[in-house]
file start.cif (mmCIF, C-alpha atoms)
data_upload
#
loop_
_atom_site.label_atom_id
_atom_site.label_comp_id
_atom_site.auth_asym_id
_atom_site.auth_seq_id
_atom_site.Cartn_x
_atom_site.Cartn_y
_atom_site.Cartn_z
CA MET A 14 81.21 111.64 116.08
CA THR A 15 84.11 112.56 113.83
CA SER A 16 84.48 108.97 112.58
CA ASP A 17 80.85 108.89 111.38
CA ALA A 18 80.75 107.33 107.93
CA GLU A 19 77.58 109.31 107.13
CA ARG A 20 79.22 112.73 107.54
CA PRO A 21 77.21 114.65 104.90
CA ARG A 22 79.57 117.41 103.74
CA PRO A 23 82.14 116.66 101.06
CA VAL A 24 85.74 117.37 101.97
CA THR A 25 86.97 120.57 100.38
CA HIS A 26 89.93 121.18 102.71
CA ARG A 27 92.06 118.42 104.18
CA ARG A 28 95.19 118.43 106.32
CA VAL A 29 97.36 115.36 105.81
CA LEU A 30 100.13 114.62 108.32
CA TYR A 31 102.44 111.91 107.05
CA ILE A 32 104.72 109.93 109.37
CA PRO A 33 107.43 108.03 107.47
CA GLY A 34 109.10 104.84 108.56
CA TYR A 35 112.71 104.41 109.62
CA ASP A 36 114.19 106.65 106.94
CA PRO A 37 117.35 108.80 107.21
CA PHE A 38 116.61 110.81 104.06
CA PRO A 39 115.17 114.36 103.94
CA ALA A 40 111.42 114.91 103.93
CA ARG A 41 111.51 116.45 100.46
CA ARG A 42 111.81 112.98 98.92
CA TYR A 43 108.18 112.37 99.92
CA ARG A 44 107.04 115.54 98.20
CA GLU A 45 108.81 114.51 95.00
CA LEU A 46 107.41 110.98 95.30
CA TYR A 47 103.87 112.36 95.67
CA ARG A 48 104.35 114.80 92.79
CA ARG A 49 105.62 112.09 90.43
CA GLU A 50 103.14 109.38 91.39
CA ALA A 51 100.13 111.72 91.53
CA ALA A 52 100.87 112.73 87.94
CA GLU A 53 101.04 109.08 86.95
CA GLN A 54 97.78 108.21 88.73
CA ALA A 55 96.12 111.23 87.14
CA ARG A 56 97.21 109.97 83.73
CA LEU A 57 95.91 106.49 84.46
CA SER A 58 92.67 107.36 86.25
CA GLY A 59 91.71 110.76 84.89
CA HIS A 60 92.29 112.60 88.16
CA ASP A 61 93.00 116.32 88.06
CA ILE A 62 95.79 116.80 90.63
CA ARG A 63 98.29 119.66 90.89
CA VAL A 64 101.11 119.70 93.44
CA ALA A 65 102.94 122.83 94.62
CA GLY A 66 105.28 123.78 97.44
CA LEU A 67 103.76 124.75 100.77
CA PRO A 68 104.24 128.46 101.53
CA GLY A 69 104.91 129.75 105.01
CA ALA A 70 106.86 128.31 107.90
CA ARG A 71 106.12 124.59 107.40
CA GLY A 72 109.08 123.51 105.32
CA HIS A 73 108.29 119.80 105.19
CA GLY A 74 105.14 119.85 103.12
CA TRP A 75 103.26 120.60 99.92
CA VAL A 76 99.84 121.67 98.68
CA VAL A 77 97.60 119.60 96.44
CA SER A 78 94.81 121.19 94.39
CA ALA A 79 92.58 118.48 92.99
CA ARG A 80 89.29 118.01 91.24
CA LEU A 81 87.91 114.52 91.74
CA ASP A 82 84.34 113.32 91.22
CA GLY A 83 83.31 116.87 90.28
CA GLN A 84 84.53 118.34 93.58
CA ASP A 85 87.41 120.77 94.16
CA VAL A 86 89.63 119.75 97.08
CA LEU A 87 92.58 121.51 98.69
CA ALA A 88 94.90 119.21 100.65
CA GLU A 89 97.85 120.49 102.69
CA PHE A 90 100.51 117.90 103.41
CA GLU A 91 103.07 117.97 106.19
CA VAL A 92 105.75 115.37 106.85
CA LEU A 93 106.27 114.80 110.57
CA VAL A 94 110.02 114.44 110.60
CA TRP A 95 112.07 112.05 112.72
CA SER A 96 114.84 111.37 110.21
CA ASP A 97 117.33 113.13 112.52
CA ILE A 98 116.63 110.46 115.17
CA VAL A 99 117.12 107.78 112.53
CA ARG A 100 120.45 109.26 111.41
CA ALA A 101 121.66 109.51 115.02
CA SER A 102 120.83 105.84 115.60
CA MET A 103 122.87 104.87 112.54
CA ARG A 104 126.06 106.68 113.60
CA ARG A 105 127.88 103.58 114.76
CA GLY A 106 131.04 101.95 113.59
CA VAL A 107 131.21 98.53 111.99
CA GLY A 108 132.09 96.83 115.26
CA ALA A 109 129.13 98.43 117.04
CA THR A 110 126.83 97.20 114.27
CA TYR A 111 127.92 93.62 114.92
CA ALA A 112 127.25 94.13 118.64
CA LEU A 113 123.78 95.39 117.71
CA LEU A 114 123.29 92.28 115.62
CA ALA A 115 123.95 90.01 118.60
CA ARG A 116 121.74 92.01 120.99
CA THR A 117 118.86 92.30 118.54
CA LEU A 118 118.85 88.61 117.68
CA TRP A 119 118.82 87.75 121.38
CA ARG A 120 115.86 90.05 122.05
CA TYR A 121 113.78 88.40 119.33
CA LEU A 122 114.87 84.84 120.10
CA ARG A 123 114.18 84.87 123.83
CA GLY A 124 110.61 84.18 124.79
CA GLY A 125 109.97 82.68 121.35
CA VAL A 126 109.16 86.09 119.82
CA LEU A 127 110.80 85.33 116.47
CA PHE A 128 109.02 81.99 116.20
CA ARG A 129 105.64 83.60 116.92
CA LEU A 130 106.29 86.35 114.37
CA ALA A 131 107.13 83.71 111.75
CA ARG A 132 103.85 81.93 112.45
CA LEU A 133 102.06 85.10 111.39
CA ARG A 134 104.06 85.96 108.28
CA ARG A 135 107.37 84.51 107.13
CA GLY A 136 108.13 87.43 104.78
CA PRO A 137 108.94 90.13 107.34
CA VAL A 138 110.84 87.62 109.49
CA ILE A 139 112.97 86.67 106.49
CA ALA A 140 113.46 90.39 105.87
CA ALA A 141 114.55 90.77 109.50
CA LEU A 142 117.00 87.86 109.23
CA TYR A 143 118.43 89.07 105.91
CA PRO A 144 120.72 91.76 107.40
CA ALA A 145 121.97 89.30 110.02
CA ALA A 146 122.80 86.74 107.34
CA MET A 147 124.47 89.36 105.14
CA LEU A 148 126.57 90.77 107.97
CA VAL A 149 127.69 87.28 109.01
CA ALA A 150 128.55 86.51 105.37
CA GLN A 151 130.56 89.73 105.13
CA ALA A 152 132.43 88.82 108.30
CA LEU A 153 133.23 85.36 106.92
CA VAL A 154 134.51 86.89 103.67
CA ALA A 155 136.67 89.31 105.66
CA LEU A 156 138.08 86.48 107.80
CA GLY A 157 138.68 84.28 104.76
CA LEU A 158 140.53 87.09 103.02
CA ALA A 159 142.57 87.73 106.17
CA VAL A 160 143.59 84.07 106.37
CA GLY A 161 144.57 84.05 102.71
CA ILE A 162 146.69 87.19 103.07
CA ALA A 163 148.30 85.83 106.24
CA VAL A 164 149.26 82.61 104.43
CA LEU A 165 150.74 84.51 101.50
CA ALA A 166 152.53 86.97 103.77
CA GLY A 167 153.96 84.02 105.72
CA LEU A 168 156.01 83.10 102.68
CA ALA A 169 158.10 86.23 103.14
CA LEU A 170 157.49 87.43 106.71
CA PRO A 171 157.83 86.00 110.21
CA GLY A 172 154.71 84.28 111.50
CA TRP A 173 153.63 87.10 113.83
CA ALA A 174 154.04 89.70 111.07
CA ALA A 175 151.98 87.59 108.67
CA LEU A 176 149.17 87.33 111.22
CA VAL A 177 149.20 91.10 111.76
CA ALA A 178 149.09 91.70 108.01
CA GLY A 179 146.11 89.35 107.66
CA ALA A 180 144.24 90.78 110.67
CA ALA A 181 144.72 94.32 109.39
CA THR A 182 142.58 93.54 106.35
CA VAL A 183 139.47 92.61 108.40
CA PRO A 184 138.31 96.13 109.33
CA ALA A 185 139.22 97.42 105.87
CA THR A 186 137.14 94.70 104.21
CA LEU A 187 134.16 95.30 106.48
CA ALA A 188 134.41 99.05 105.86
CA TRP A 189 134.43 98.35 102.11
CA PHE A 190 131.19 96.41 102.43
CA ARG A 191 129.58 99.16 104.49
CA ALA A 192 130.52 101.80 101.93
CA ARG A 193 128.41 99.84 99.43
CA ASP A 194 125.44 99.32 101.71
CA ARG A 195 123.12 101.39 99.50
CA ARG A 196 123.08 98.39 97.19
CA ILE A 197 122.48 95.64 99.74
CA TYR A 198 120.92 97.48 102.74
CA ALA A 199 122.42 95.12 105.33
CA HIS A 200 123.63 97.84 107.72
CA TYR A 201 120.53 99.98 107.16
CA LEU A 202 118.12 97.14 107.94
CA MET A 203 120.19 96.03 110.90
CA HIS A 204 119.92 99.50 112.42
CA ASP A 205 116.19 99.57 111.60
CA TYR A 206 115.42 96.36 113.51
CA ALA A 207 117.89 97.25 116.26
CA PHE A 208 116.13 100.58 116.79
CA ALA A 209 112.75 98.83 117.05
CA ALA A 210 114.12 96.42 119.64
CA ALA A 211 116.56 98.75 121.40
CA CYS A 212 114.42 99.19 124.51
CA ASP A 213 112.74 95.77 124.35
CA GLY A 214 109.66 97.40 122.87
CA ALA A 215 109.54 100.51 125.04
CA THR A 216 109.61 103.76 123.07
CA PRO A 217 113.14 105.23 122.96
CA PRO A 218 113.26 108.56 124.88
CA ALA A 219 114.11 110.67 121.82
CA LEU A 220 111.22 109.19 119.87
CA ALA A 221 108.82 109.55 122.83
CA ALA A 222 109.58 113.28 122.92
CA ARG A 223 109.06 113.53 119.16
CA ILE A 224 105.70 111.76 119.45
CA GLU A 225 104.59 114.55 121.81
CA THR A 226 105.68 117.09 119.19
CA PHE A 227 103.72 115.22 116.54
CA ALA A 228 100.67 115.25 118.82
CA ASP A 229 100.95 119.02 119.05
CA ARG A 230 101.06 119.25 115.25
CA VAL A 231 97.87 117.18 114.97
CA THR A 232 96.21 119.38 117.60
CA ALA A 233 97.21 122.48 115.62
CA ALA A 234 95.83 120.95 112.42
CA LEU A 235 92.50 120.22 114.11
CA ALA A 236 92.34 123.82 115.34
CA GLU A 237 92.73 125.12 111.77
CA GLY A 238 89.24 123.81 111.02
CA PRO A 239 89.66 121.72 107.87
CA ASP A 240 86.99 119.18 106.95
CA GLU A 241 89.34 116.29 107.73
CA VAL A 242 92.68 115.77 109.45
CA LEU A 243 94.18 112.60 108.04
CA VAL A 244 97.20 111.06 109.79
CA VAL A 245 99.11 108.58 107.61
CA GLY A 246 101.71 106.23 109.08
CA HIS A 247 103.81 104.10 106.74
CA SER A 248 105.92 101.10 107.80
CA SER A 249 107.32 101.73 111.30
CA GLY A 250 105.60 105.11 111.13
CA ALA A 251 102.36 103.17 111.61
CA GLN A 252 102.94 102.42 115.28
CA ILE A 253 104.10 106.01 115.81
CA ALA A 254 100.85 107.29 114.30
CA ILE A 255 98.84 104.90 116.49
CA SER A 256 100.56 106.20 119.62
CA VAL A 257 100.12 109.84 118.56
CA LEU A 258 96.36 109.52 118.12
CA ALA A 259 95.88 107.29 121.17
CA GLY A 260 97.65 109.89 123.33
CA LEU A 261 95.53 112.74 121.96
CA ILE A 262 92.29 110.87 122.54
CA ARG A 263 93.35 109.77 126.03
CA GLN A 264 94.16 113.38 126.93
CA GLY A 265 90.83 114.65 125.62
CA ARG A 266 92.46 116.74 122.91
CA VAL A 267 90.17 115.61 120.07
CA PRO A 268 86.97 117.70 120.09
CA ALA A 269 83.80 115.77 119.36
CA ALA A 270 82.47 118.61 117.21
CA GLY A 271 85.73 119.28 115.38
CA PRO A 272 87.01 118.15 111.98
CA ALA A 273 86.88 114.48 111.06
CA LEU A 274 90.02 112.78 112.39
CA SER A 275 91.24 109.74 110.45
CA LEU A 276 94.13 107.30 110.70
CA LEU A 277 95.53 105.43 107.71
CA THR A 278 98.27 102.89 108.42
CA LEU A 279 100.17 101.43 105.47
CA GLY A 280 102.49 98.43 105.28
CA HIS A 281 102.73 98.09 109.06
CA ALA A 282 105.23 95.96 110.98
CA VAL A 283 103.59 96.58 114.39
CA PRO A 284 104.23 93.04 115.76
CA MET A 285 108.00 93.60 115.50
CA VAL A 286 107.54 95.97 118.45
CA SER A 287 104.25 95.00 120.11
CA PHE A 288 105.43 91.39 120.67
CA LEU A 289 108.41 92.53 122.78
CA PRO A 290 108.26 92.40 126.60
CA ARG A 291 108.42 96.15 127.37
CA ALA A 292 105.97 97.26 124.66
CA GLY A 293 103.17 97.71 127.20
CA ALA A 294 102.55 101.33 126.19
CA LEU A 295 102.09 100.38 122.53
CA ARG A 296 99.81 97.50 123.49
CA ARG A 297 97.71 99.92 125.56
CA ASP A 298 97.52 102.31 122.61
CA LEU A 299 96.44 99.51 120.28
CA ALA A 300 93.69 98.40 122.65
CA GLN A 301 92.49 101.98 123.07
CA MET A 302 92.43 102.76 119.36
CA ALA A 303 90.42 99.58 118.74
CA VAL A 304 87.34 100.86 120.62
CA GLN A 305 87.53 104.69 120.48
CA ASP A 306 84.95 106.72 118.57
CA ARG A 307 86.97 109.81 117.65
CA ALA A 308 88.97 108.55 114.66
CA ALA A 309 88.27 106.14 111.81
CA TRP A 310 91.21 103.75 111.37
CA VAL A 311 91.89 101.89 108.14
CA ASP A 312 94.88 99.57 107.83
CA VAL A 313 96.14 98.70 104.34
CA THR A 314 98.73 96.04 103.58
CA ALA A 315 99.33 93.59 100.73
CA PRO A 316 100.56 89.99 100.67
CA GLY A 317 102.99 91.01 97.92
CA ASP A 318 104.80 93.29 100.38
CA GLY A 319 107.31 91.04 102.11
CA CYS A 320 108.36 93.78 104.52
CA SER A 321 104.95 94.11 106.21
CA PHE A 322 102.74 91.86 108.29
CA ALA A 323 100.21 91.68 105.50
CA LEU A 324 96.54 91.46 106.55
CA CYS A 325 97.54 90.95 110.19
CA ASP A 326 95.14 92.92 112.39
CA PRO A 327 97.71 94.67 114.63
CA VAL A 328 95.35 94.77 117.61
CA ALA A 329 94.14 91.19 117.38
CA VAL A 330 97.47 89.48 116.68
CA THR A 331 99.01 91.34 119.63
CA GLY A 332 96.35 89.75 121.82
CA VAL A 333 94.87 92.99 123.17
CA ALA A 334 91.56 93.12 121.27
CA PRO A 335 88.97 94.35 123.79
CA ALA A 336 85.24 93.61 123.81
CA GLY A 337 83.45 95.93 121.42
CA LYS A 338 86.46 96.22 119.08
CA ARG A 339 85.68 98.50 116.10
CA TRP A 340 89.05 99.24 114.51
CA PRO A 341 91.03 98.90 112.38
CA LEU A 342 89.30 98.08 109.13
CA VAL A 343 91.88 95.70 107.64
CA ILE A 344 91.95 95.66 103.85
CA SER A 345 94.34 94.55 101.15
CA ALA A 346 95.92 96.74 98.50
CA ALA A 347 95.90 93.50 96.47
CA PHE A 348 98.93 94.18 94.31
CA SER A 349 98.12 91.11 92.20
CA ARG A 350 94.85 92.80 91.11
CA THR A 351 95.57 96.54 91.36
CA LEU A 352 98.84 96.37 89.43
CA SER A 353 98.95 95.15 85.86
CA PRO A 354 100.81 91.86 85.31
CA ALA A 355 103.56 93.70 83.44
CA ARG A 356 104.12 96.27 86.21
CA LEU A 357 103.93 93.66 88.95
CA ALA A 358 106.50 91.54 87.12
CA ARG A 359 108.86 94.54 86.99
CA LEU A 360 108.45 95.20 90.71
CA ARG A 361 108.30 91.66 92.07
CA ARG A 362 111.98 91.46 93.02
CA ARG A 363 112.25 95.11 94.08
CA PHE A 364 111.23 94.47 97.68
CA PHE A 365 111.77 98.01 98.95
CA ARG A 366 109.90 99.52 96.01
CA LEU A 367 106.96 97.21 96.70
CA HIS A 368 107.00 98.32 100.34
CA PHE A 369 106.43 101.89 99.09
CA GLN A 370 103.76 100.94 96.55
CA TYR A 371 101.02 102.13 98.93
CA LEU A 372 102.21 105.70 98.23
CA CYS A 373 102.41 105.19 94.48
CA ALA A 374 100.20 104.93 91.42
CA PHE A 375 98.27 101.76 90.61
CA ASP A 376 97.72 100.99 86.94
CA ASN A 377 94.93 98.42 87.25
CA LEU A 378 92.37 100.15 89.49
CA ARG A 379 88.73 99.47 88.62
CA GLY A 380 87.65 102.89 89.89
CA ALA A 381 85.18 101.59 92.50
CA PRO A 382 84.87 103.86 95.59
CA GLY A 383 86.16 101.11 97.87
CA ASP A 384 89.38 100.59 95.93
CA TYR A 385 92.58 101.66 97.64
CA ASP A 386 93.90 104.69 95.76
CA TYR A 387 96.30 106.81 97.83
CA PHE A 388 95.56 109.92 95.81
CA ARG A 389 91.78 109.58 95.97
CA VAL A 390 92.07 109.02 99.75
CA THR A 391 94.39 111.98 100.37
CA ALA A 392 93.05 114.44 97.77
CA GLY A 393 89.48 113.27 97.15
CA PRO A 394 86.14 114.62 98.45
CA LEU A 395 85.34 111.78 100.89
CA THR A 396 86.62 111.32 104.42
CA LEU A 397 88.49 108.09 105.05
CA ALA A 398 85.44 106.63 106.83
CA ARG A 399 83.10 107.47 103.96
CA HIS A 400 85.54 106.28 101.31
CA PHE A 401 85.62 102.79 102.83
CA ALA A 402 82.12 102.78 104.35
CA ALA A 403 80.94 99.95 102.09
CA ARG A 404 84.22 98.07 102.10
CA PRO A 405 84.14 94.88 104.20
CA PRO A 406 87.33 93.78 105.96
CA SER A 407 89.52 91.40 104.05
CA PRO A 408 88.22 87.83 104.49
CA SER A 409 91.81 86.56 104.62
CA ARG A 410 92.87 88.84 107.47
CA ILE A 411 94.74 87.23 110.35
CA GLU A 412 93.32 87.82 113.83
CA ARG A 413 94.72 85.01 115.97
CA ALA A 414 96.63 86.28 119.00
CA GLU A 415 100.31 85.32 118.84
CA SER A 416 102.17 87.76 121.09
CA PRO A 417 103.84 86.16 124.12
CA TYR A 418 103.44 89.45 126.01
CA ARG A 419 100.04 91.11 126.38
CA ASP A 420 100.28 93.32 129.47
CA PHE A 421 100.13 97.11 129.38
CA GLY A 422 103.09 97.58 131.72
CA ALA A 423 103.21 99.94 134.67
#
call {"tool": "encode", "arguments": {"input": "start.cif", "output": "structure tokens"}}
result
Amino acid sequence: MTSDAERPRPVTHRRVLYIPGYDPFPARRYRELYRREAAEQARLSGHDIRVAGLPGARGHGWVVSARLDGQDVLAEFEVLVWSDIVRASMRRGVGATYALLARTLWRYLRGGVLFRLARLRRGPVIAALYPAAMLVAQALVALGLAVGIAVLAGLALPGWAALVAGAATVPATLAWFRARDRRIYAHYLMHDYAFAAACDGATPPALAARIETFADRVTAALAEGPDEVLVVGHSSGAQIAISVLAGLIRQGRVPAAGPALSLLTLGHAVPMVSFLPRAGALRRDLAQMAVQDRAAWVDVTAPGDGCSFALCDPVAVTGVAPAGKRWPLVISAAFSRTLSPARLARLRRRFFRLHFQYLCAFDNLRGAPGDYDYFRVTAGPLTLARHFAARPPSPSRIERAESPYRDFGA
């Protein structure tokens, strides 16, 4: 079986397909992130890693030539892009964003979904409520400013004209706030959570079509005959990656005698979708991936990441863990131990940077094979299953079922 932890051959050629989260920026940012952080991890850990552009038609990737543990490894990376879908979902005016706020809050409040999410982890729920609070605060500031201008204008203008003058400042004030959203991320996060909840948990049609495209890319990678095909899903890309692999396995498109197929999910927020009423397809995929024997699945989160459901087994907490459950192996990146106190102190209040730490260098790794090291996993000589073969699941993982909805739909 391709998930066999005893696979004897070292990996010399790996295909890595990376699925980002809800991110409107171009794929090249991930290449530059890998280049910069791989160099830093090499400096810290003694890795020999070289990153170059990927020749040929695949424009969203790069090549890594590495020598780790005395073994030469070639890893070809490809970003599976859905940033165009993200950008399209964000093309709304200020008024439409406030309508999204109301609809999204209602979807998470009804059925007690928000309460059940908070019982798992307060951090991501606070992160979800942050954009709502910020947008409401911005609206109150805009209204307060409008009232003040109306009062001042009333000293020189008729009452109706003063009211018009005050009201005219509301959209301008809200537009001013939105123009500065790269500092406070209120609109961005609101669109992120609204996209997750837009269809009450069902996969939006545009994304469903893209998932099929991603499945074709994984199939093509398997056909190329590398030693391992590693699919990495970060943040909301985690549930996309789960659905991609579940669909391939269900359709019989993963050959038993082919390359090792592995799934690495990082910083997931799966319950934000799987707890919603129409997320039956995702719940089915979670249940399927829990028992299949075609792909090793390792899930990495960290309690220091307030944007993820840290150490929450996405299958178990959704309430769809079947008998004979094998996956995922839930482990912690343990920022408090794998980052030096000085670096952790610098990052502690940079919530978004911490959410991307899984893709970055760690400066306090002990070097044990079971440590989480993104560069050793993606460019090293061991398959994902062999790398974590001796690693037990985190003893503090959360497995209690909390989802109010557990059906698989029609």
call {"tool": "residues_around", "arguments": {"input": "start.cif", "residues": "A:Ala308", "least_positions_apart": "5", "cutoff": "10 Å", "atoms": "only C-alpha atoms", "output": "ChimeraX atom specification"}}
result
/A:14-17,242-244,258-259,262,267,273-276,302-303,340,397-398
call {"tool": "closest_atom_pairs", "arguments": {"input": "start.cif", "of": "stretch 165-264 of chain A", "to": "stretch 310-321 of chain A", "cutoff": "10 Å", "atoms": "only C-alpha atoms", "output": "Markdown table"}}
result
| residue | atom | partner | partner_atom | distance |
| --- | --- | --- | --- | --- |
| A:Leu243 | CA | A:Trp310 | CA | 9.9 |
| A:Val244 | CA | A:Trp310 | CA | 9.6 |
| A:Val245 | CA | A:Val311 | CA | 9.9 |
| A:Gly246 | CA | A:Asp312 | CA | 9.6 |
| A:His247 | CA | A:Val313 | CA | 9.7 |
| A:Ser248 | CA | A:Ser321 | CA | 7.2 |
| A:Ser249 | CA | A:Ser321 | CA | 9.5 |
| A:Ala251 | CA | A:Asp312 | CA | 9.1 |
| A:Ile255 | CA | A:Trp310 | CA | 9.3 |
call {"tool": "atom_distance", "arguments": {"input": "start.cif", "atom1": "atom CA of A:Phe322", "atom2": "atom CA of A:Tyr111"}}
result
26.1 Å
call {"tool": "resolve_selection", "arguments": {"input": "start.cif", "expression": "the PyMOL selection byres ((chain A and resi 227-231) around 12)", "output": "PyMOL selection string"}}
result
chain A and resi 28-32+71+90-95+220-226+232-239+241-246+250+253-267+272-276
call {"tool": "closest_residue", "arguments": {"input": "start.cif", "among": "A:Leu378, A:Leu295, A:Gly157, A:Leu142", "to": "A:Leu202", "atoms": "only C-alpha atoms"}}
result
A:Leu142
call {"tool": "residues_around", "arguments": {"input": "start.cif", "residues": "A:Arg410", "least_positions_apart": "4", "cutoff": "10 Å", "atoms": "all atoms listed in the file", "output": "ChimeraX atom specification"}}
result
/A:323-326,343-345,406
call {"tool": "resolve_selection", "arguments": {"input": "start.cif", "expression": "the PyMOL selection byres ((chain A and resi 348) around 8)", "output": "list of chain:residue names"}}
result
A:Ala315, A:Pro316, A:Gly317, A:Ala346, A:Ala347, A:Ser349, A:Arg350, A:Thr351, A:Leu352, A:Leu357
call {"tool": "resolve_selection", "arguments": {"input": "start.cif", "expression": "the PyMOL selection byres ((chain A and resi 117-131) around 7)", "output": "list in words"}}
result
Leu113, Leu114, Ala115, Arg116, Arg132, Leu133, Arg134, Arg135, Val138, Ala207, Ala210, Asp213, Phe288, Glu415, Ser416 and Pro417 of chain A
call {"tool": "write_last_selection", "arguments": {"input": "start.cif", "atoms": "C-alpha atoms", "output": "PDB file, in the frame of the given file"}}
result
ATOM      1  CA  LEU A 113     123.780  95.390 117.710  1.00  0.00           C
ATOM      2  CA  LEU A 114     123.290  92.280 115.620  1.00  0.00           C
ATOM      3  CA  ALA A 115     123.950  90.010 118.600  1.00  0.00           C
ATOM      4  CA  ARG A 116     121.740  92.010 120.990  1.00  0.00           C
ATOM      5  CA  ARG A 132     103.850  81.930 112.450  1.00  0.00           C
ATOM      6  CA  LEU A 133     102.060  85.100 111.390  1.00  0.00           C
ATOM      7  CA  ARG A 134     104.060  85.960 108.280  1.00  0.00           C
ATOM      8  CA  ARG A 135     107.370  84.510 107.130  1.00  0.00           C
ATOM      9  CA  VAL A 138     110.840  87.620 109.490  1.00  0.00           C
ATOM     10  CA  ALA A 207     117.890  97.250 116.260  1.00  0.00           C
ATOM     11  CA  ALA A 210     114.120  96.420 119.640  1.00  0.00           C
ATOM     12  CA  ASP A 213     112.740  95.770 124.350  1.00  0.00           C
ATOM     13  CA  PHE A 288     105.430  91.390 120.670  1.00  0.00           C
ATOM     14  CA  GLU A 415     100.310  85.320 118.840  1.00  0.00           C
ATOM     15  CA  SER A 416     102.170  87.760 121.090  1.00  0.00           C
ATOM     16  CA  PRO A 417     103.840  86.160 124.120  1.00  0.00           C
TER      17      PRO A 417
END
call {"tool": "atom_distance", "arguments": {"input": "start.cif", "atom1": "atom CA of A:Val24", "atom2": "atom CA of A:Asp85"}}
result
8.7 Å
call {"tool": "closest_residue", "arguments": {"input": "start.cif", "among": "A:Met147, A:Leu342, A:Val328, A:Leu81", "to": "A:Ile197", "atoms": "only C-alpha atoms"}}
result
A:Met147
call {"tool": "residues_around", "arguments": {"input": "start.cif", "residues": "A:Val99", "least_positions_apart": "2", "cutoff": "8 Å", "atoms": "only C-alpha atoms", "output": "compact mmCIF listing (two decimals) with C-alpha atoms, in the frame of the given file"}}
result
# COMPACT_ATOMS: atom_id res chain seq x y z
CA TYR A 35 112.71 104.41 109.62
CA ASP A 36 114.19 106.65 106.94
CA PRO A 37 117.35 108.80 107.21
CA TRP A 95 112.07 112.05 112.72
CA SER A 96 114.84 111.37 110.21
CA ASP A 97 117.33 113.13 112.52
CA ALA A 101 121.66 109.51 115.02
CA SER A 102 120.83 105.84 115.60
CA MET A 103 122.87 104.87 112.54
call {"tool": "residues_around", "arguments": {"input": "start.cif", "residues": "A:Arg291", "least_positions_apart": "3", "cutoff": "12 Å", "atoms": "all atoms listed in the file", "output": "PDB file with C-alpha atoms, keeping the file's coordinate frame"}}
result
ATOM      1  CA  ARG A 120     115.860  90.050 122.050  1.00  0.00           C
ATOM      2  CA  ALA A 209     112.750  98.830 117.050  1.00  0.00           C
ATOM      3  CA  ALA A 210     114.120  96.420 119.640  1.00  0.00           C
ATOM      4  CA  ALA A 211     116.560  98.750 121.400  1.00  0.00           C
ATOM      5  CA  CYS A 212     114.420  99.190 124.510  1.00  0.00           C
ATOM      6  CA  ASP A 213     112.740  95.770 124.350  1.00  0.00           C
ATOM      7  CA  GLY A 214     109.660  97.400 122.870  1.00  0.00           C
ATOM      8  CA  ALA A 215     109.540 100.510 125.040  1.00  0.00           C
ATOM      9  CA  THR A 216     109.610 103.760 123.070  1.00  0.00           C
ATOM     10  CA  PRO A 217     113.140 105.230 122.960  1.00  0.00           C
ATOM     11  CA  VAL A 286     107.540  95.970 118.450  1.00  0.00           C
ATOM     12  CA  SER A 287     104.250  95.000 120.110  1.00  0.00           C
ATOM     13  CA  PHE A 288     105.430  91.390 120.670  1.00  0.00           C
ATOM     14  CA  ALA A 294     102.550 101.330 126.190  1.00  0.00           C
ATOM     15  CA  LEU A 295     102.090 100.380 122.530  1.00  0.00           C
ATOM     16  CA  ARG A 296      99.810  97.500 123.490  1.00  0.00           C
ATOM     17  CA  ARG A 297      97.710  99.920 125.560  1.00  0.00           C
ATOM     18  CA  PRO A 417     103.840  86.160 124.120  1.00  0.00           C
ATOM     19  CA  TYR A 418     103.440  89.450 126.010  1.00  0.00           C
ATOM     20  CA  ARG A 419     100.040  91.110 126.380  1.00  0.00           C
ATOM     21  CA  ASP A 420     100.280  93.320 129.470  1.00  0.00           C
ATOM     22  CA  PHE A 421     100.130  97.110 129.380  1.00  0.00           C
ATOM     23  CA  GLY A 422     103.090  97.580 131.720  1.00  0.00           C
ATOM     24  CA  ALA A 423     103.210  99.940 134.670  1.00  0.00           C
TER      25      ALA A 423
END
call {"tool": "atom_distance", "arguments": {"input": "start.cif", "atom1": "atom CA of A:Arg22", "atom2": "atom CA of A:Ala79"}}
result
16.9 Å
call {"tool": "closest_residue", "arguments": {"input": "start.cif", "among": "A:Val330, A:Ala163, A:Ala199, A:Val107", "to": "A:Leu299", "atoms": "only C-alpha atoms"}}
result
A:Val330
call {"tool": "closest_residue", "arguments": {"input": "start.cif", "among": "A:Ala336, A:Ala358, A:Ala374, A:Ala152", "to": "A:Leu57", "atoms": "only C-alpha atoms"}}
result
A:Ala374
call {"tool": "closest_residue", "arguments": {"input": "start.cif", "among": "A:Gly271, A:Tyr43, A:Ser409, A:Ile98", "to": "A:Ala219", "atoms": "only C-alpha atoms"}}
result
A:Ile98
